[in-house]
>>> print(open('entry-v1.txt').read())   # compact mmCIF, C-alpha atoms and all ligand atoms
# COMPACT_ATOMS: atom_id res chain seq x y z
CA MET I 3 107.42 133.55 135.70
CA LYS I 4 106.39 131.21 138.51
CA VAL I 5 102.99 129.55 138.37
CA THR I 6 101.20 127.28 140.81
CA ALA I 7 99.86 124.15 139.14
CA ALA I 8 98.48 120.69 139.87
CA VAL I 9 100.88 118.24 138.22
CA PHE I 10 100.08 114.71 137.05
CA GLU I 11 103.01 112.30 137.25
CA GLU I 12 101.56 108.84 136.67
CA ALA I 13 98.22 107.03 136.48
CA GLY I 14 96.60 106.17 139.77
CA LYS I 15 98.60 108.74 141.76
CA GLU I 16 97.23 111.98 143.17
CA LEU I 17 98.14 115.25 141.48
CA VAL I 18 100.76 117.33 143.29
CA VAL I 19 100.38 121.10 143.63
CA GLN I 20 103.73 122.76 143.01
CA GLU I 21 105.47 125.73 141.44
CA LEU I 22 106.52 125.57 137.79
CA GLU I 23 108.27 128.01 135.48
CA LEU I 24 106.14 129.47 132.66
CA ASP I 25 107.82 131.05 129.62
CA ASP I 26 106.56 134.19 127.91
CA PRO I 27 104.16 133.70 124.98
CA LYS I 28 105.91 133.13 121.66
CA ASP I 29 104.65 133.92 118.14
CA GLY I 30 100.89 133.48 117.95
CA GLU I 31 100.52 132.72 121.67
CA VAL I 32 98.68 134.32 124.55
CA LEU I 33 99.31 134.49 128.31
CA VAL I 34 96.10 134.13 130.31
CA ARG I 35 95.65 134.66 134.05
CA LEU I 36 93.00 132.10 134.87
CA ALA I 37 89.98 132.91 137.01
CA ALA I 38 88.60 129.39 137.10
CA SER I 39 88.78 125.89 135.69
CA GLY I 40 86.18 123.17 135.66
CA VAL I 41 87.23 119.62 136.50
CA CYS I 42 86.14 117.39 133.62
CA HIS I 43 85.82 113.66 133.14
CA SER I 44 88.47 113.76 130.40
CA ASP I 45 91.03 114.83 133.01
CA TYR I 46 89.87 111.90 135.10
CA HIS I 47 90.42 109.49 132.18
CA VAL I 48 94.10 110.47 132.31
CA VAL I 49 94.31 110.27 136.11
CA LYS I 50 92.85 106.77 136.01
CA GLY I 51 95.18 105.67 133.21
CA GLU I 52 92.37 105.08 130.70
CA TRP I 53 94.02 107.45 128.26
CA GLY I 54 97.76 107.54 127.70
CA SER I 55 99.46 110.90 128.15
CA PRO I 56 102.96 112.34 128.46
CA SER I 57 104.12 113.42 131.91
CA PRO I 58 104.77 115.43 133.94
CA LEU I 59 101.54 117.06 132.82
CA VAL I 60 99.33 119.91 133.96
CA LEU I 61 95.78 118.66 133.45
CA GLY I 62 92.68 120.85 133.02
CA HIS I 63 91.12 122.08 129.78
CA GLU I 64 87.96 123.98 130.78
CA GLY I 65 89.20 127.39 131.86
CA ALA I 66 88.41 131.08 131.62
CA GLY I 67 90.44 134.13 132.50
CA VAL I 68 91.91 137.44 131.43
CA VAL I 69 94.63 137.99 128.82
CA GLU I 70 97.78 139.40 130.43
CA ALA I 71 100.17 139.41 127.46
CA VAL I 72 100.22 138.47 123.79
CA GLY I 73 103.10 137.22 121.69
CA PRO I 74 104.18 138.60 118.28
CA GLY I 75 101.65 138.32 115.48
CA VAL I 76 98.57 137.88 117.67
CA THR I 77 95.59 139.69 116.12
CA THR I 78 92.35 138.23 117.52
CA VAL I 79 92.83 138.90 121.24
CA GLU I 80 94.43 141.71 123.20
CA VAL I 81 95.59 142.38 126.74
CA GLY I 82 92.61 142.75 129.07
CA ASP I 83 90.26 140.59 127.00
CA HIS I 84 88.20 138.06 128.90
CA VAL I 85 88.57 134.67 127.29
CA VAL I 86 87.24 131.14 127.52
CA LEU I 87 89.94 128.57 126.74
CA SER I 88 89.33 126.18 123.87
CA TRP I 89 91.13 122.86 123.51
CA VAL I 90 90.75 123.13 119.76
CA PRO I 91 93.64 125.45 118.72
CA TYR I 92 92.66 125.32 115.05
CA CYS I 93 94.74 126.66 112.15
CA GLY I 94 91.96 128.57 110.41
CA HIS I 95 92.94 127.69 106.85
CA CYS I 96 92.74 123.92 106.31
CA LYS I 97 89.88 122.00 104.67
CA TYR I 98 88.25 121.33 108.05
CA CYS I 99 88.59 124.86 109.38
CA ASN I 100 87.23 126.27 106.13
CA THR I 101 84.19 124.02 106.27
CA GLY I 102 83.31 124.92 109.85
CA ARG I 103 84.74 121.86 111.59
CA PRO I 104 87.85 123.12 113.41
CA ALA I 105 87.77 120.25 115.93
CA LEU I 106 88.95 118.06 113.04
CA CYS I 107 91.86 120.37 112.11
CA PRO I 108 95.15 118.41 111.84
CA GLN I 109 96.88 121.12 113.87
CA VAL I 110 94.66 120.20 116.82
CA GLN I 111 95.78 116.57 116.56
CA GLU I 112 99.43 117.62 116.46
CA SER I 113 99.29 120.07 119.37
CA ALA I 114 96.35 119.72 121.77
CA TYR I 115 96.14 115.94 121.44
CA GLN I 116 99.87 115.72 122.23
CA SER I 117 99.65 118.29 125.06
CA VAL I 118 102.23 120.56 123.38
CA MET I 119 102.17 123.95 121.70
CA LEU I 120 101.95 124.32 117.91
CA ASP I 121 105.77 124.12 117.55
CA GLY I 122 105.83 120.81 119.45
CA THR I 123 107.46 122.26 122.58
CA THR I 124 106.10 123.20 126.01
CA ARG I 125 106.04 126.60 127.73
CA LEU I 126 106.13 125.04 131.21
CA THR I 127 109.27 123.63 132.82
CA ARG I 128 110.26 122.18 136.21
CA ASP I 129 113.94 122.28 137.08
CA GLY I 130 114.62 122.93 133.39
CA GLU I 131 112.69 119.86 132.20
CA PRO I 132 109.57 120.24 130.04
CA VAL I 133 106.13 119.95 131.63
CA TYR I 134 103.23 119.24 129.27
CA SER I 135 99.94 121.15 129.16
CA TYR I 136 96.90 118.94 128.68
CA CYS I 137 95.08 119.77 125.44
CA ALA I 138 97.47 122.73 125.00
CA THR I 139 95.46 124.41 127.76
CA GLY I 140 96.59 122.92 131.13
CA SER I 141 94.07 124.93 133.11
CA PHE I 142 94.92 123.51 136.55
CA ALA I 143 97.39 126.39 136.88
CA ASP I 144 96.89 130.01 137.78
CA ARG I 145 98.45 131.19 134.52
CA VAL I 146 98.72 129.50 131.13
CA VAL I 147 100.22 130.21 127.73
CA VAL I 148 97.97 128.95 124.95
CA PRO I 149 97.84 129.24 121.15
CA GLU I 150 95.90 132.31 120.02
CA THR I 151 92.99 130.25 118.66
CA GLY I 152 92.80 128.51 122.05
CA ALA I 153 91.76 131.76 123.76
CA ILE I 154 88.30 132.91 122.66
CA PRO I 155 87.30 136.48 123.60
CA ILE I 156 83.91 136.90 125.26
CA ARG I 157 81.89 139.77 126.76
CA LYS I 158 83.37 141.20 129.96
CA ASP I 159 80.24 141.15 132.11
CA ALA I 160 80.00 137.35 132.21
CA PRO I 161 81.17 135.61 135.43
CA LEU I 162 84.34 133.75 134.46
CA GLU I 163 83.97 131.06 137.14
CA LYS I 164 80.74 129.98 135.45
CA VAL I 165 81.40 130.48 131.75
CA ALA I 166 84.62 128.46 132.10
CA LEU I 167 82.33 125.45 131.69
CA ILE I 168 81.48 126.58 128.18
CA GLY I 169 85.04 125.62 127.20
CA CYS I 170 84.32 121.90 127.41
CA ALA I 171 81.11 120.44 128.86
CA VAL I 172 78.68 123.01 127.51
CA ALA I 173 80.23 123.42 124.06
CA THR I 174 80.35 119.62 123.76
CA GLY I 175 76.84 118.88 124.99
CA VAL I 176 74.83 121.81 123.69
CA GLY I 177 76.86 121.76 120.48
CA ALA I 178 76.06 118.08 119.91
CA VAL I 179 72.37 119.02 119.85
CA ILE I 180 72.40 122.27 117.91
CA ASN I 181 75.44 121.78 115.64
CA THR I 182 76.05 118.06 115.17
CA ALA I 183 72.49 116.71 115.22
CA LYS I 184 70.53 119.90 114.52
CA VAL I 185 67.62 118.58 116.58
CA GLN I 186 64.29 120.07 115.52
CA ALA I 187 61.51 121.36 117.75
CA GLY I 188 59.34 118.45 118.84
CA ASP I 189 61.92 115.72 118.16
CA THR I 190 62.22 113.01 120.80
CA VAL I 191 65.62 112.94 122.49
CA LEU I 192 67.15 110.28 124.71
CA VAL I 193 70.21 111.27 126.76
CA ILE I 194 72.22 108.43 128.30
CA GLY I 195 74.54 109.67 131.03
CA CYS I 196 73.92 112.87 132.97
CA GLY I 197 77.39 114.11 133.87
CA GLY I 198 78.45 117.59 132.80
CA VAL I 199 78.25 116.77 129.11
CA GLY I 200 74.99 114.79 129.32
CA LEU I 201 73.34 117.54 131.35
CA SER I 202 74.50 119.98 128.68
CA VAL I 203 72.85 117.78 126.05
CA VAL I 204 69.61 118.06 128.06
CA MET I 205 70.08 121.84 128.17
CA GLY I 206 70.60 121.94 124.42
CA ALA I 207 67.54 119.78 123.78
CA ALA I 208 65.41 122.07 125.95
CA LEU I 209 66.89 125.11 124.20
CA VAL I 210 65.66 123.93 120.79
CA SER I 211 62.27 122.83 122.19
CA ALA I 212 62.73 119.14 121.69
CA GLY I 213 59.55 117.22 122.52
CA LYS I 214 60.17 114.39 124.92
CA ILE I 215 63.60 114.72 126.58
CA ILE I 216 64.33 111.43 128.31
CA ALA I 217 67.38 111.44 130.59
CA VAL I 218 69.00 108.25 131.88
CA ASP I 219 71.57 107.78 134.63
CA ILE I 220 72.13 105.59 137.69
CA ASN I 221 72.52 108.55 140.07
CA ASP I 222 69.31 110.16 141.39
CA ASP I 223 71.03 113.50 142.01
CA SER I 224 72.12 113.63 138.37
CA LEU I 225 68.55 112.90 137.30
CA ALA I 226 67.18 115.66 139.54
CA ARG I 227 69.60 118.07 137.85
CA ALA I 228 68.46 116.81 134.44
CA ARG I 229 64.82 117.49 135.37
CA SER I 230 65.65 121.03 136.44
CA LEU I 231 67.29 121.58 133.05
CA GLY I 232 64.26 120.43 131.09
CA ALA I 233 64.24 116.62 130.98
CA THR I 234 60.60 115.57 130.65
CA THR I 235 61.23 112.04 131.93
CA THR I 236 64.13 110.70 133.99
CA ILE I 237 65.01 107.04 134.33
CA ASN I 238 67.30 105.45 136.88
CA SER I 239 68.48 102.52 134.76
CA ALA I 240 69.82 100.71 137.84
CA LYS I 241 66.25 100.44 139.13
CA THR I 242 64.09 100.52 136.00
CA ASP I 243 64.34 98.80 132.63
CA LEU I 244 65.03 101.48 130.04
CA ALA I 245 63.57 99.54 127.11
CA ASP I 246 60.23 99.07 128.93
CA VAL I 247 59.93 102.77 129.77
CA LEU I 248 60.90 103.82 126.24
CA HIS I 249 58.27 101.49 124.82
CA ASP I 250 55.63 103.16 126.98
CA LEU I 251 56.84 106.68 126.16
CA VAL I 252 57.53 106.58 122.43
CA GLY I 253 56.14 103.25 121.27
CA PRO I 254 57.97 100.31 119.77
CA ASP I 255 59.92 102.29 117.16
CA GLY I 256 62.14 104.34 119.46
CA VAL I 257 63.40 107.91 119.70
CA ASP I 258 64.48 110.31 116.96
CA TRP I 259 67.83 110.97 118.63
CA ALA I 260 69.82 109.08 121.25
CA PHE I 261 72.81 110.91 122.70
CA GLU I 262 75.38 108.76 124.49
CA ALA I 263 77.39 110.86 126.94
CA ILE I 264 79.37 108.26 128.89
CA GLY I 265 81.60 106.35 126.44
CA LEU I 266 80.85 102.77 127.48
CA LYS I 267 80.29 99.84 125.11
CA ARG I 268 76.99 98.87 126.73
CA THR I 269 75.49 102.37 126.72
CA ILE I 270 76.63 103.10 123.17
CA GLU I 271 74.91 99.91 122.03
CA THR I 272 71.82 100.87 124.04
CA ALA I 273 71.75 104.27 122.32
CA PHE I 274 71.75 102.58 118.92
CA GLN I 275 69.07 100.08 119.96
CA SER I 276 66.84 102.93 121.20
CA ILE I 277 66.47 104.87 117.95
CA ARG I 278 63.56 104.64 115.54
CA PRO I 279 63.96 103.67 111.86
CA GLY I 280 65.71 106.63 110.27
CA GLY I 281 66.87 107.80 113.69
CA THR I 282 70.38 108.66 114.79
CA ALA I 283 72.56 107.72 117.74
CA VAL I 284 75.06 110.49 118.51
CA ILE I 285 78.23 109.38 120.29
CA VAL I 286 79.35 112.25 122.49
CA GLY I 287 80.88 110.28 125.37
CA GLN I 288 84.58 109.60 125.22
CA ALA I 289 85.43 105.92 125.46
CA ALA I 290 88.59 104.61 127.07
CA ASP I 291 91.37 103.52 124.71
CA GLY I 292 90.60 100.17 123.07
CA VAL I 293 86.80 100.08 123.53
CA THR I 294 84.84 98.59 120.60
CA VAL I 295 81.09 98.11 120.14
CA GLU I 296 78.86 95.62 118.33
CA ILE I 297 76.23 97.00 115.98
CA ASP I 298 73.98 95.03 113.60
CA PRO I 299 74.82 96.54 110.18
CA LEU I 300 71.68 95.08 108.56
CA VAL I 301 69.61 97.27 110.88
CA MET I 302 71.61 100.27 109.70
CA SER I 303 70.92 99.57 106.02
CA ASP I 304 67.40 98.12 106.18
CA ARG I 305 66.06 100.55 108.75
CA GLU I 306 68.31 103.49 107.87
CA LYS I 307 69.52 103.84 111.42
CA SER I 308 72.64 105.95 111.83
CA MET I 309 75.39 106.34 114.35
CA ILE I 310 77.45 109.52 114.21
CA GLY I 311 80.21 111.04 116.32
CA SER I 312 80.33 114.51 117.79
CA SER I 313 83.65 116.11 118.73
CA TYR I 314 83.50 119.28 120.83
CA GLY I 315 79.89 119.69 119.74
CA THR I 316 81.01 120.30 116.14
CA CYS I 317 81.43 123.84 117.42
CA HIS I 318 83.38 126.71 115.99
CA PRO I 319 84.74 128.18 119.22
CA ALA I 320 85.15 131.73 117.91
CA VAL I 321 81.47 131.83 116.95
CA ASP I 322 79.87 129.43 119.40
CA PHE I 323 81.55 130.43 122.67
CA PRO I 324 80.32 134.05 122.57
CA ARG I 325 76.90 132.74 121.51
CA LEU I 326 76.76 130.30 124.42
CA VAL I 327 77.89 133.03 126.82
CA ASP I 328 75.05 135.23 125.51
CA LEU I 329 72.55 132.41 126.03
CA PHE I 330 73.79 132.01 129.62
CA MET I 331 73.55 135.74 130.26
CA GLU I 332 69.99 135.73 128.85
CA GLY I 333 69.05 133.03 131.36
CA LYS I 334 68.61 130.37 128.68
CA LEU I 335 71.45 128.11 129.85
CA ASP I 336 71.60 127.26 133.55
CA LEU I 337 75.28 126.64 134.24
CA ASP I 338 74.77 126.60 138.03
CA VAL I 339 73.14 123.19 137.77
CA LEU I 340 76.42 121.80 136.42
CA ILE I 341 78.45 123.05 139.40
CA ALA I 342 78.61 121.11 142.68
CA ARG I 343 81.06 123.38 144.47
CA THR I 344 83.90 125.84 144.02
CA GLY I 345 87.30 125.03 145.52
CA THR I 346 90.96 125.92 145.25
CA ILE I 347 93.73 124.13 143.38
CA HIS I 348 94.43 122.26 146.64
CA ASP I 349 91.00 120.60 146.34
CA ILE I 350 91.86 118.99 143.01
CA ASN I 351 92.24 115.43 144.29
CA LYS I 352 89.00 115.73 146.27
CA ALA I 353 87.32 116.81 143.04
CA PHE I 354 88.44 113.62 141.30
CA ALA I 355 87.34 111.53 144.28
CA ALA I 356 83.87 113.08 144.04
CA MET I 357 83.80 112.32 140.32
CA GLY I 358 84.85 108.74 141.05
CA SER I 359 81.91 108.38 143.44
CA GLY I 360 79.54 109.06 140.54
CA GLU I 361 78.79 112.71 141.28
CA ALA I 362 77.38 114.42 138.20
CA ALA I 363 78.02 118.07 138.93
CA ARG I 364 81.51 119.48 138.69
CA THR I 365 83.98 121.03 141.04
CA VAL I 366 85.17 124.39 139.75
CA ILE I 367 88.67 125.43 140.78
CA ALA I 368 88.87 129.19 141.40
CA TYR I 369 92.22 131.04 141.28
ZN ZN W 401 86.36 118.18 129.13
ZN ZN W 402 92.70 123.84 110.36
>>> encode(input="entry-v1.txt", output="structure tokens")
Amino acid sequence: MKVTAAVFEEAGKELVVQELELDDPKDGEVLVRLAASGVCHSDYHVVKGEWGSPSPLVLGHEGAGVVEAVGPGVTTVEVGDHVVLSWVPYCGHCKYCNTGRPALCPQVQESAYQSVMLDGTTRLTRDGEPVYSYCATGSFADRVVVPETGAIPIRKDAPLEKVALIGCAVATGVGAVINTAKVQAGDTVLVIGCGGVGLSVVMGAALVSAGKIIAVDINDDSLARARSLGATTTINSAKTDLADVLHDLVGPDGVDWAFEAIGLKRTIETAFQSIRPGGTAVIVGQAADGVTVEIDPLVMSDREKSMIGSSYGTCHPAVDFPRLVDLFMEGKLDLDVLIARTGTIHDINKAFAAMGSGEAARTVIAY
């Protein structure tokens, strides 16, 4: 069947909207008619050339839609189900899947991280040549074929153009708080970077009744959004010295948790320097290829300071996505604050330009 998609050819060039051919779902695969896709910073990493990727490639990995067909052997979703796409098409039976950490499943590395299906091939073609699907989702297209475990059924009364964001930013940010870190009520939380993921970290911290929630960014609009989501203090680090403010707020020791949601050397090091003895810096932001950081290991041992990583919010999509949708429907997660505007697939390059200008909230592409 024909689909309309935004295709990435090479770094630094605009995406081109064009028709592609989409094959039927094969064994263990699902055809989804997308309702919406968020535009995420990870897509932008590829557009800018900060992450290598095969091409031609359909970017996008934060989608939601309705199942139109299922391939042989599919058991967990059926035609008509509303689904949020997951870029963690886990196997369900390896050591990582069986211990609740499907984002670490080797199958995810072999498929999603290579932008191919589980058998190593693509379902999209252009003039007979393969076209890759970013993260085995490729949600900048009106229809997608994804592995069964990449399509997570949710309740049917949830607005798909909003809950699409649960498929990346919200799962990553809220999950980092409630799954990876398991922040306790009253803990002090520093959030560095208030894009979609950082704002979702703020949301997660508010959800678990963290004490002080200190949000840092260099964009005042991002900080206003953080305040509306529950940040108790916001700091524009381009105008104010973060260390001084932290000293006033939490004393010389530092915060219990520092979440880094940008992926830059300087901010990752700042996160580590901001935690108290026994505290933890959680690296949620995705650094460009080749970035390294400098940490004083004696501080780690002597002061028991930790730095941990969080991939996809250590979430189990099949459990966490419906739970996050419920929280949204109960009014406990404000996804509107993450959305700047809704556009069409033809607005995709404008969406990246807005992101490049430092805008925190996302463009959502509606189909
Ligand atoms: Zn993303
Ligand atoms: Zn697995």
>>> residues_near_ligand(input="entry-v1.txt", ligand="ligand ZN 401 (chain W)", cutoff="9 Å", atoms="all atoms listed in the file", output="mmCIF file with C-alpha atoms, keeping the file's coordinate frame")
data_model
loop_
_atom_site.group_PDB
_atom_site.id
_atom_site.type_symbol
_atom_site.label_atom_id
_atom_site.label_comp_id
_atom_site.auth_asym_id
_atom_site.auth_seq_id
_atom_site.Cartn_x
_atom_site.Cartn_y
_atom_site.Cartn_z
ATOM 1 C CA GLY I 40 86.180 123.170 135.660
ATOM 2 C CA VAL I 41 87.230 119.620 136.500
ATOM 3 C CA CYS I 42 86.140 117.390 133.620
ATOM 4 C CA HIS I 43 85.820 113.660 133.140
ATOM 5 C CA SER I 44 88.470 113.760 130.400
ATOM 6 C CA ASP I 45 91.030 114.830 133.010
ATOM 7 C CA GLY I 62 92.680 120.850 133.020
ATOM 8 C CA HIS I 63 91.120 122.080 129.780
ATOM 9 C CA GLU I 64 87.960 123.980 130.780
ATOM 10 C CA TRP I 89 91.130 122.860 123.510
ATOM 11 C CA LEU I 167 82.330 125.450 131.690
ATOM 12 C CA GLY I 169 85.040 125.620 127.200
ATOM 13 C CA CYS I 170 84.320 121.900 127.410
ATOM 14 C CA ALA I 171 81.110 120.440 128.860
ATOM 15 C CA THR I 174 80.350 119.620 123.760
ATOM 16 C CA GLY I 198 78.450 117.590 132.800
ATOM 17 C CA VAL I 199 78.250 116.770 129.110
ATOM 18 C CA TYR I 314 83.500 119.280 120.830
#
>>> closest_atom_pairs(input="entry-v1.txt", of="chain I", to="ligand ZN 402 (chain W)", cutoff="8 Å", atoms="all atoms listed in the file", output="CSV")
residue,atom,partner,partner_atom,distance
I:Tyr92,CA,W:ZN402,ZN,4.9
I:Cys93,CA,W:ZN402,ZN,3.9
I:Gly94,CA,W:ZN402,ZN,4.8
I:His95,CA,W:ZN402,ZN,5.2
I:Cys96,CA,W:ZN402,ZN,4.1
I:Lys97,CA,W:ZN402,ZN,6.6
I:Tyr98,CA,W:ZN402,ZN,5.6
I:Cys99,CA,W:ZN402,ZN,4.3
I:Asn100,CA,W:ZN402,ZN,7.3
I:Pro104,CA,W:ZN402,ZN,5.8
I:Leu106,CA,W:ZN402,ZN,7.4
I:Cys107,CA,W:ZN402,ZN,4.0
I:Pro108,CA,W:ZN402,ZN,6.1
I:Gln109,CA,W:ZN402,ZN,6.1
I:Val110,CA,W:ZN402,ZN,7.7
>>> residues_around(input="entry-v1.txt", residues="Thr151 in chain I", least_positions_apart="5", cutoff="10 Å", atoms="only C-alpha atoms", output="PyMOL selection string")
chain I and resi 30-32+76+78-79+87-94+319-320
>>> closest_residue(input="entry-v1.txt", among="I:Ala342, I:Val165, I:Leu33, I:Ile156", to="Glu361 in chain I", atoms="only C-alpha atoms")
I:Ala342
>>> closest_residue(input="entry-v1.txt", among="I:Gly54, I:Gly14, I:Pro324, I:Gly67", to="Tyr369 in chain I", atoms="only C-alpha atoms")
I:Gly67
>>> atom_distance(input="entry-v1.txt", atom1="CA of Val193 in chain I", atom2="CA of Ile154 in chain I")
28.5 Å
>>> atom_distance(input="entry-v1.txt", atom1="CA of Gly102 in chain I", atom2="CA of Val321 in chain I")
10.1 Å
>>> closest_residue(input="entry-v1.txt", among="I:Met205, I:Ile215, I:Val293, I:Ile220", to="Asp258 in chain I", atoms="all atoms listed in the file")
I:Ile215
>>> atom_distance(input="entry-v1.txt", atom1="CA of Arg278 in chain I", atom2="CA of Val301 in chain I")
10.6 Å
>>> residues_around(input="entry-v1.txt", residues="Ile297 in chain I", least_positions_apart="4", cutoff="9 Å", atoms="only C-alpha atoms", output="ChimeraX atom specification")
/I:271,274-275,301-302
>>> closest_residue(input="entry-v1.txt", among="I:Leu340, I:Val146, I:Ala212, I:Leu225", to="Ala71 in chain I", atoms="only C-alpha atoms")
I:Val146
>>> residues_around(input="entry-v1.txt", residues="Tyr134 in chain I", least_positions_apart="3", cutoff="10 Å", atoms="all atoms listed in the file", output="list in words")
Val9, Phe10, Ser55, Pro56, Ser57, Pro58, Leu59, Val60, Leu61, Gln116, Ser117, Val118, Met119, Thr123, Thr124, Arg125, Leu126, Thr127, Glu131, Cys137, Ala138, Thr139 and Gly140 of chain I
>>> residues_around(input="entry-v1.txt", residues="Glu23 in chain I", least_positions_apart="6", cutoff="10 Å", atoms="all atoms listed in the file", output="list in words")
Met3, Lys4, Val5, Thr6, Ala7, Arg125, Leu126, Thr127, Arg128, Asp129, Gly130, Glu131, Pro132 and Val133 of chain I
>>> closest_residue(input="entry-v1.txt", among="I:Ala273, I:Val81, I:Ala362, I:Ala173", to="Ser224 in chain I", atoms="only C-alpha atoms")
I:Ala362
>>> closest_residue(input="entry-v1.txt", among="I:Val252, I:Val147, I:Leu36, I:Ala226", to="Leu192 in chain I", atoms="all atoms listed in the file")
I:Val252
>>> residues_around(input="entry-v1.txt", residues="Gly256 in chain I", least_positions_apart="3", cutoff="8 Å", atoms="all atoms listed in the file", output="PyMOL selection string")
chain I and resi 248-249+252-253+276-279
>>> residues_near_point(input="entry-v1.txt", point="(73.2, 134.7, 129.1)", cutoff="12 Å", atoms="all atoms listed in the file", output="PyMOL selection string")
chain I and resi 156-157+159-161+164-165+168+323-337
>>> residues_near_point(input="entry-v1.txt", point="(68.4, 102.3, 137.6)", cutoff="10 Å", atoms="only C-alpha atoms", output="ChimeraX atom specification")
/I:218-222,237-244
>>> write_last_selection(input="entry-v1.txt", atoms="C-alpha atoms", output="mmCIF file, in the frame of the given file")
data_model
loop_
_atom_site.group_PDB
_atom_site.id
_atom_site.type_symbol
_atom_site.label_atom_id
_atom_site.label_comp_id
_atom_site.auth_asym_id
_atom_site.auth_seq_id
_atom_site.Cartn_x
_atom_site.Cartn_y
_atom_site.Cartn_z
ATOM 1 C CA VAL I 218 69.000 108.250 131.880
ATOM 2 C CA ASP I 219 71.570 107.780 134.630
ATOM 3 C CA ILE I 220 72.130 105.590 137.690
ATOM 4 C CA ASN I 221 72.520 108.550 140.070
ATOM 5 C CA ASP I 222 69.310 110.160 141.390
ATOM 6 C CA ILE I 237 65.010 107.040 134.330
ATOM 7 C CA ASN I 238 67.300 105.450 136.880
ATOM 8 C CA SER I 239 68.480 102.520 134.760
ATOM 9 C CA ALA I 240 69.820 100.710 137.840
ATOM 10 C CA LYS I 241 66.250 100.440 139.130
ATOM 11 C CA THR I 242 64.090 100.520 136.000
ATOM 12 C CA ASP I 243 64.340 98.800 132.630
ATOM 13 C CA LEU I 244 65.030 101.480 130.040
#
>>> decode(input="entry-v1.txt", residues="range 310-314 of chain I", atoms="all heavy atoms", output="compact mmCIF listing (two decimals), in the first residue's frame")
# COMPACT_ATOMS: atom_id res chain seq x y z
N ILE I 310 24.03 7.13 37.46
CA ILE I 310 23.39 6.00 36.81
C ILE I 310 22.74 6.46 35.50
O ILE I 310 22.46 7.64 35.32
CB ILE I 310 22.33 5.30 37.71
CG1 ILE I 310 21.20 6.27 38.07
CG2 ILE I 310 22.98 4.76 38.98
CD1 ILE I 310 20.06 5.61 38.84
N GLY I 311 22.49 5.50 34.62
CA GLY I 311 21.83 5.81 33.36
C GLY I 311 20.38 5.36 33.41
O GLY I 311 20.02 4.45 34.17
N SER I 312 19.56 6.00 32.59
CA SER I 312 18.16 5.60 32.50
C SER I 312 17.77 5.55 31.02
O SER I 312 17.82 6.57 30.34
CB SER I 312 17.27 6.61 33.24
OG SER I 312 15.91 6.27 33.08
N SER I 313 17.44 4.37 30.54
CA SER I 313 17.03 4.19 29.15
C SER I 313 15.53 3.97 29.09
O SER I 313 15.01 3.02 29.70
CB SER I 313 17.76 2.99 28.53
OG SER I 313 17.34 2.80 27.19
N TYR I 314 14.84 4.86 28.36
CA TYR I 314 13.38 4.73 28.20
C TYR I 314 12.68 4.64 29.56
O TYR I 314 11.70 3.94 29.75
CB TYR I 314 13.06 3.47 27.39
CG TYR I 314 11.87 3.58 26.46
CD1 TYR I 314 11.26 4.79 26.16
CD2 TYR I 314 11.35 2.44 25.86
CE1 TYR I 314 10.18 4.86 25.31
CE2 TYR I 314 10.27 2.50 24.98
CZ TYR I 314 9.68 3.71 24.72
OH TYR I 314 8.61 3.78 23.86
